[in-house]
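Below is the file input.cif, which contains mmCIF, C-alpha atoms.
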data_data
#
loop_
_atom_site.label_atom_id
_atom_site.label_comp_id
_atom_site.auth_asym_id
_atom_site.auth_seq_id
_atom_site.Cartn_x
_atom_site.Cartn_y
_atom_site.Cartn_z
CA SER A 499 12.87 -15.74 -3.81
CA PHE A 500 12.21 -16.21 -0.11
CA GLY A 501 13.24 -19.87 0.07
CA ARG A 502 9.85 -20.78 1.54
CA THR A 503 6.18 -20.83 0.70
CA ALA A 504 4.18 -18.22 2.58
CA PRO A 505 1.45 -15.69 1.85
CA THR A 506 3.00 -12.73 0.03
CA ILE A 507 2.06 -9.09 0.48
CA LEU A 508 3.09 -6.39 -1.97
CA GLU A 509 3.64 -2.92 -0.54
CA ILE A 510 3.65 -0.15 -3.13
CA GLY A 511 5.51 2.97 -2.03
CA THR A 512 7.52 2.02 1.04
CA GLY A 513 8.68 5.60 1.67
CA MET A 514 11.51 5.59 4.21
CA GLY A 515 10.52 2.06 5.21
CA GLU A 516 9.57 2.32 8.88
CA THR A 517 6.03 1.04 8.37
CA THR A 518 7.13 -1.71 5.97
CA ALA A 519 9.83 -2.95 8.35
CA HIS A 520 7.44 -2.80 11.33
CA ILE A 521 4.78 -4.86 9.56
CA ALA A 522 7.30 -7.42 8.25
CA GLN A 523 8.81 -7.77 11.74
CA HIS A 524 5.39 -8.32 13.32
CA MET A 525 4.19 -10.76 10.62
CA PRO A 526 7.11 -13.21 10.27
CA ASP A 527 4.75 -15.81 8.79
CA LYS A 528 4.25 -13.66 5.66
CA ASN A 529 6.58 -12.63 2.84
CA PHE A 530 6.73 -8.96 1.83
CA ILE A 531 7.80 -7.32 -1.41
CA GLY A 532 8.32 -3.57 -1.16
CA VAL A 533 8.31 -1.41 -4.28
CA GLU A 534 9.78 2.09 -4.13
CA VAL A 535 11.41 4.40 -6.68
CA HIS A 536 13.02 6.85 -4.23
CA THR A 537 16.68 5.87 -3.62
CA PRO A 538 16.97 7.36 -0.09
CA GLY A 539 13.88 5.38 0.91
CA ILE A 540 15.38 2.15 -0.44
CA GLY A 541 18.61 2.85 1.48
CA SER A 542 16.75 3.59 4.69
CA LEU A 543 14.70 0.39 4.41
CA LEU A 544 17.78 -1.72 3.59
CA LYS A 545 19.33 -0.39 6.81
CA LEU A 546 16.19 -1.36 8.76
CA ILE A 547 16.16 -4.85 7.18
CA ASP A 548 19.74 -5.31 8.40
CA GLU A 549 19.14 -3.86 11.88
CA LYS A 550 16.04 -5.99 12.44
CA SER A 551 17.48 -9.09 10.68
CA LEU A 552 14.36 -9.33 8.51
CA THR A 553 14.42 -12.35 6.22
CA ASN A 554 10.82 -11.99 4.97
CA LEU A 555 11.19 -8.69 3.10
CA ARG A 556 12.52 -8.05 -0.42
CA LEU A 557 12.76 -4.71 -2.23
CA ILE A 558 12.35 -3.69 -5.84
CA GLN A 559 13.40 -0.20 -6.91
CA HIS A 560 11.22 0.29 -9.97
CA ASP A 561 7.91 1.68 -11.23
CA ALA A 562 5.04 -0.08 -9.46
CA VAL A 563 2.84 -0.45 -12.55
CA GLU A 564 5.66 -2.19 -14.44
CA VAL A 565 6.49 -4.40 -11.44
CA VAL A 566 2.87 -5.53 -11.05
CA THR A 567 2.46 -6.00 -14.80
CA HIS A 568 5.67 -7.96 -15.47
CA MET A 569 6.91 -9.43 -12.19
CA ILE A 570 3.83 -10.48 -10.19
CA ALA A 571 1.94 -13.58 -11.27
CA PRO A 572 -1.86 -13.51 -11.51
CA ALA A 573 -3.70 -14.61 -8.34
CA SER A 574 -0.39 -14.87 -6.41
CA LEU A 575 -0.71 -12.20 -3.71
CA ALA A 576 -2.36 -12.48 -0.30
CA GLY A 577 -2.46 -8.70 -0.07
CA VAL A 578 -1.48 -5.31 -1.42
CA HIS A 579 -0.71 -2.32 0.81
CA ILE A 580 -0.70 1.23 -0.55
CA PHE A 581 -0.24 3.61 2.37
CA PHE A 582 -0.25 7.38 1.83
CA PRO A 583 0.47 7.46 -1.91
CA ASP A 584 1.22 10.86 -3.43
CA PRO A 585 -2.13 12.68 -3.33
CA TRP A 586 -1.41 14.90 -6.34
CA HIS A 587 -3.73 17.34 -4.61
CA LYS A 588 -3.93 19.93 -7.40
CA ALA A 589 -7.03 19.10 -9.45
CA ARG A 590 -5.10 19.22 -12.73
CA HIS A 591 -2.70 16.56 -11.33
CA ASN A 592 -5.38 14.15 -10.02
CA LYS A 593 -4.95 12.04 -13.17
CA ARG A 594 -1.46 11.11 -11.87
CA ARG A 595 -2.90 9.42 -8.78
CA LEU A 596 -2.05 5.75 -8.49
CA ILE A 597 -5.50 4.57 -7.39
CA GLN A 598 -7.45 4.63 -10.65
CA SER A 599 -9.61 1.94 -12.26
CA PRO A 600 -7.07 0.43 -14.70
CA PHE A 601 -4.42 -0.02 -11.98
CA VAL A 602 -6.98 -1.35 -9.47
CA GLN A 603 -8.10 -3.91 -12.11
CA LEU A 604 -4.45 -4.94 -12.58
CA LEU A 605 -3.87 -5.24 -8.81
CA THR A 606 -7.09 -7.23 -8.40
CA SER A 607 -5.90 -9.68 -11.07
CA ARG A 608 -2.75 -10.30 -9.00
CA LEU A 609 -4.66 -10.97 -5.77
CA ALA A 610 -5.54 -14.52 -4.85
CA PRO A 611 -9.24 -15.08 -4.07
CA GLY A 612 -9.82 -13.66 -0.58
CA GLY A 613 -6.70 -11.47 -0.88
CA THR A 614 -6.82 -7.96 0.54
CA LEU A 615 -6.24 -4.55 -1.06
CA HIS A 616 -5.60 -1.97 1.70
CA CYS A 617 -5.14 1.72 0.90
CA ALA A 618 -4.75 4.61 3.34
CA THR A 619 -4.58 8.36 2.81
CA ASP A 620 -4.80 11.58 4.78
CA TRP A 621 -6.37 13.53 1.89
CA GLN A 622 -10.15 13.36 2.11
CA ASP A 623 -10.83 13.84 -1.61
CA TYR A 624 -8.32 11.07 -2.41
CA ALA A 625 -9.99 8.84 0.19
CA GLU A 626 -13.30 9.47 -1.58
CA GLN A 627 -11.71 8.60 -4.93
CA MET A 628 -10.15 5.42 -3.48
CA LEU A 629 -13.47 4.32 -2.02
CA ALA A 630 -15.31 5.02 -5.30
CA VAL A 631 -12.72 3.29 -7.52
CA LEU A 632 -12.42 0.19 -5.34
CA SER A 633 -16.21 0.01 -4.90
CA ALA A 634 -16.61 0.07 -8.69
CA GLU A 635 -14.32 -2.96 -9.17
CA PRO A 636 -16.70 -5.95 -9.44
CA ALA A 637 -14.11 -8.47 -8.23
CA LEU A 638 -13.65 -6.61 -4.92
CA ASN A 639 -15.83 -6.46 -1.81
CA ASN A 640 -15.57 -3.77 0.86
CA THR A 641 -14.77 -5.17 4.32
CA ALA A 642 -16.59 -2.22 5.95
CA GLU A 643 -19.54 0.08 5.40
CA GLY A 644 -17.49 2.74 3.64
CA TYR A 645 -14.16 3.41 5.34
CA ALA A 646 -12.52 0.75 7.49
CA GLU A 647 -11.13 1.06 11.00
CA LYS A 648 -7.32 1.25 10.88
CA PRO A 649 -6.23 -2.41 10.98
CA ALA A 650 -4.00 -3.19 13.99
CA TYR A 651 -1.11 -4.26 11.73
CA ARG A 652 -0.75 -0.77 10.22
CA PRO A 653 1.26 1.31 12.68
CA LEU A 654 0.73 5.04 13.04
CA THR A 655 3.54 6.87 11.28
CA LYS A 656 5.27 9.96 12.67
CA PHE A 657 3.74 11.87 9.76
CA GLU A 658 0.28 10.47 10.53
CA ASN A 659 0.56 11.24 14.27
CA ARG A 660 1.47 14.83 13.42
CA GLY A 661 -1.55 15.07 11.12
CA LEU A 662 -3.89 13.63 13.72
CA ARG A 663 -2.59 16.14 16.31
CA LEU A 664 -3.39 18.91 13.82
CA GLY A 665 -6.91 17.52 13.42
CA HIS A 666 -6.36 15.96 9.99
CA GLY A 667 -8.28 12.81 9.15
CA VAL A 668 -6.86 9.50 7.96
CA TRP A 669 -8.95 7.12 5.89
CA ASP A 670 -8.36 3.39 5.36
CA VAL A 671 -10.13 1.42 2.65
CA VAL A 672 -9.84 -2.36 2.87
CA PHE A 673 -11.33 -4.58 0.16
CA THR A 674 -11.05 -8.31 -0.47
CA LYS A 675 -11.05 -10.15 -3.76
CA VAL A 676 -14.22 -12.12 -4.41
CA VAL A 677 -13.87 -15.86 -3.86
CA ASP A 678 -15.45 -17.63 -6.84
#

This structure in structure tokens:
Amino acid sequence: SFGRTAPTILEIGTGMGETTAHIAQHMPDKNFIGVEVHTPGIGSLLKLIDEKSLTNLRLIQHDAVEVVTHMIAPASLAGVHIFFPDPWHKARHNKRRLIQSPFVQLLTSRLAPGGTLHCATDWQDYAEQMLAVLSAEPALNNTAEGYAEKPAYRPLTKFENRGLRLGHGVWDVVFTKVVD
């Protein structure tokens, strides 16, 4: 509990937490729930929460599918962020990718009308899959013609800057839930 009513954003896969902490610090009017399974990442983000005195960020160390299924109420989220999920780049592992139709349907059910689902990746074939899967969800509308410009609230990560210097692309897909 945050002890207040505010729009809530779920971030799946906080990594080491720099991006999550940055966004929470720069959006004090929103509540953030970060989900991560990697213990060092949780520790790093807890340290950042303390250093930045963030009161609008909570963490859950657990499987994201279970968290969304059992802990997030339908139509309760203002947004979901999934930045640079594991690309499972070997073709035989693609089925392990997080962004697939059943999970996108589940996430969409947890978004309030007008809520945003924002994914980013630096693997082009995963970007294409993300765009196709989100485009196929009837309750979602793309905010762009194809890929979106990087929203100002998503900072460039050290990893992403390195990739951009090496000429790698980064793709953002930003969809909103249909308002009935």

Best match for closeness to Ala618 (chain A) among A:Leu508, A:Val578, A:Met514, A:Ala519, counting all atoms listed in the file: A:Val578

Rank nothing, just name the residue among A:Val535, A:Thr506, A:Glu626, A:Leu632 nearest to Ile570 (chain A), using only C-alpha atoms. A:Thr506

List, as a ChimeraX atom specification, every residue that the PyMOL selection byres ((chain A and resi 524) around 12) selects in the file provided. /A:517-523,525-530,550,552,554-555,650-653

Record the distance separating CA of Ala610 (chain A) and CA of Glu516 (chain A), expressed in Å with one decimal.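 Atom-to-atom, CA of Ala610 (chain A) to CA of Glu516 (chain A), that is 26.5 Å.
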
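For the pair CA of Pro585 (chain A) and CA of Leu605 (chain A), the interatomic distance is 18.8 Å.
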
Pick the closest to Glu534 (chain A) from A:Leu546, A:Leu615, A:Ile580, A:Leu609: which is it, counting all atoms listed in the file?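 The shortest atom-to-atom distance to Glu534 (chain A) comes from A:Ile580.
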
Rank A:Gln598, A:Ser499, A:Asn639, A:Thr537 by their smallest atom-to-atom distance to Pro611 (chain A), using only C-alpha atoms, and report the top residue only.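 Residue with the minimum atom-to-atom distance to Pro611 (chain A): A:Asn639.
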
What gap, in Å, lies between CA of Ile597 (chain A) and CA of Val672 (chain A)?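 Here the two named atoms are 13.1 Å from each other.
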
Find the residue from A:Ile540, A:Leu664, A:Leu629, A:Leu575 that sits nearest to Cys617 (chain A); use all atoms listed in the file when measuring.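 Closest residue, counting all atoms listed in the file: A:Leu629.
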
One residue among A:Thr606, A:Thr655, A:Ser574, A:Thr619 is nearest to Pro505 (chain A) when using all atoms listed in the file, and that residue is A:Ser574

Go ahead and find all residues with at least one atom no further than 12 Å from (-15.6, 0.4, -8.2) in the file's coordinates, using all atoms listed in the file; report them as a list in words.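 The residues near that point, listed by chain and number, are Ile597, Gln598, Ser599, Pro600, Phe601, Val602, Gln603, Thr606, Glu626, Gln627, Met628, Leu629, Ala630, Val631, Leu632, Ser633, Ala634, Glu635, Pro636, Ala637, Leu638, Asn639, Asn640 and Phe673 of chain A.
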
Within 9 Å of Val533 (chain A) using all atoms listed in the file, minus same-chain residues under 3 positions, as a list in words: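 So, after excluding close chain neighbours, the residues are Leu508, Glu509, Ile510, Gly511, Thr512, Ile540, Arg556, Leu557, Ile558, Gln559, His560, Asp561, Ala562 and Val565 of chain A.
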
Taking every listed atom of region 628-646 of chain A and adding 4 Å to each side, what centre and edge lengths in Å (one decimal) does the axis-aligned box have, as AutoDock Vina command-line options?
--center_x -14.8 --center_y -1.5 --center_z -1.0 --size_x 17.4 --size_y 21.9 --size_z 24.9

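Applied to the file shown here, the PyMOL selection byres ((chain A and resi 572) around 6) selects Ala571, Ala573, Ser574, Ser607 and Arg608 of chain A.
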